[in-house]
Amino acid sequence: MAWTPARVTSASDIEAAHRHSGWACSGKGCDDVLRRVISGVIVAGVVGVTQAGTSAFAAPAATVPAQGSTQTAELHEAPVRLDGLTELVIRRILVGDEVAASKYFSGKPVEDPVREQQIIDSVRASAVQLGIDPDSTADFVRAQIEASKVVQRGLLAKWAADPSSAPTSGPDLDAVRQELDELTTGLLTELVRVDHVRHTGLACDISLLVATTTGSIEHHFDRLHRQALAVGTAAVCG
């Protein structure tokens with residue numbers, strides 16, 4: 001059995017959502033509808049909170065600017081979404097499958113503290129140059145490393161228990177690490193773009209929930225990869 005990175009391992013999320021909704025549909029079109037429903041339900045919940053007078057987004061009526069003003073336009077401006085950042089987190093998690101396959105054959109340990117520290121030191125320096133907080137940036141990238149290790153440990157344990165499910169070959173680890181380095185660069189770019197969103201409390205939490213839920217569904221993540229996604233996105237909002 002030749003090694004192929006396992007992007008899709010279970011469709012249980014979509015199937016469960018379809019069962020609960022009563023829809024008899026499948027494919028990308030249905031997934032798009034489901035994504036809009038998820039977003040709508042969350043937004044509806046926020047609107048309900050706002051109407052109850054407890055939302056952090058609600059502005060006092062007396063301070064609402066006149067229609068047509070610049071401030072009004074800003075209030076109606078579409079918020080920055082976290083889909084791009086979350087998609088890169090997901091892609092890095094999926095590369096963890098390749099890392100696991102490589103280490104399965106090389107026997108190298110999951111932990112690599114020397115390389116991990118090199119990555120953290122590098123992103124700290126990059127964060128300073130990019131004008132974002134080096135501590136929160138380091139925490140975020142450290143979370144990506146931990147998410148990858150969740151996948152590696154899970155797959156290695158699975159293959160050890162059931163060798164018939166294991167790959168018969170693994171990719172070159174140096175090549176995989178180059179891909180990881182490129183993803184880190186992309187993640188830093190996205191962190192700059194959404195930096196102001198990360199510190200908006202509930203607004204960030206909602207955007208992240210929508211992005212991770214839809215991303216997990218679109219990629220048909222199984223339990224292991226959903227666990228890794230939770231770890232990888234834990235340091236997004238703060």
# chains A, B, ... in the order shown; residues from 1 in each chain; ligands from 1
>>> closest_atom_pairs(of="region 164-238 of chain A", to="region 111-132 of chain A", cutoff="8 Å", atoms="only C-alpha atoms", output="JSON lines")
{"residue": "A:Leu188", "atom": "CA", "partner": "A:Ala127", "partner_atom": "CA", "distance": 7.6}
{"residue": "A:Val192", "atom": "CA", "partner": "A:Ile132", "partner_atom": "CA", "distance": 6.7}
{"residue": "A:Asp195", "atom": "CA", "partner": "A:Ile132", "partner_atom": "CA", "distance": 7.3}
>>> atom_distance(atom1="CA of Ile206 (chain A)", atom2="CA of Lys149 (chain A)")
26.5 Å
>>> residues_around(residues="Arg177 (chain A)", least_positions_apart="5", cutoff="10 Å", atoms="only C-alpha atoms", output="MDAnalysis selection string")
chainID A and resid 95 98:99 172 182:183
>>> atom_distance(atom1="CA of Arg198 (chain A)", atom2="CA of Gly238 (chain A)")
6.0 Å
>>> select_by_dssp(residues="region 73-150 of chain A", states="helix (DSSP H, G or I)", output="ChimeraX atom specification")
/A:73-75,83-106,113-130,134-150
>>> closest_residue(among="A:Ser102, A:Ser216, A:Ser136, A:Thr185", to="Pro167 (chain A)", atoms="only C-alpha atoms")
A:Ser102
>>> atom_distance(atom1="CA of Ala160 (chain A)", atom2="CA of Arg223 (chain A)")
18.4 Å
>>> residues_around(residues="Glu190 (chain A)", least_positions_apart="5", cutoff="10 Å", atoms="only C-alpha atoms", output="PyMOL selection string")
chain A and resi 82-86+88+184-185+195
>>> write_last_selection(atoms="C-alpha atoms", output="PDB file, in the first residue's frame")
ATOM      1  CA  LEU A  82     -10.466  33.883  10.205  1.00  0.00           C
ATOM      2  CA  ASP A  83     -11.080  31.379   7.402  1.00  0.00           C
ATOM      3  CA  GLY A  84      -7.680  32.018   5.807  1.00  0.00           C
ATOM      4  CA  LEU A  85      -5.774  31.504   9.032  1.00  0.00           C
ATOM      5  CA  THR A  86      -7.789  28.426   9.928  1.00  0.00           C
ATOM      6  CA  LEU A  88      -3.486  27.212   6.903  1.00  0.00           C
ATOM      7  CA  THR A 184       4.799  28.974   8.828  1.00  0.00           C
ATOM      8  CA  THR A 185       5.573  31.927   6.568  1.00  0.00           C
ATOM      9  CA  ASP A 195      -3.993  40.781  14.344  1.00  0.00           C
TER      10      ASP A 195
END
>>> closest_residue(among="A:Ala101, A:Leu180, A:Ala230, A:Ala203", to="Ala166 (chain A)", atoms="only C-alpha atoms")
A:Ala101
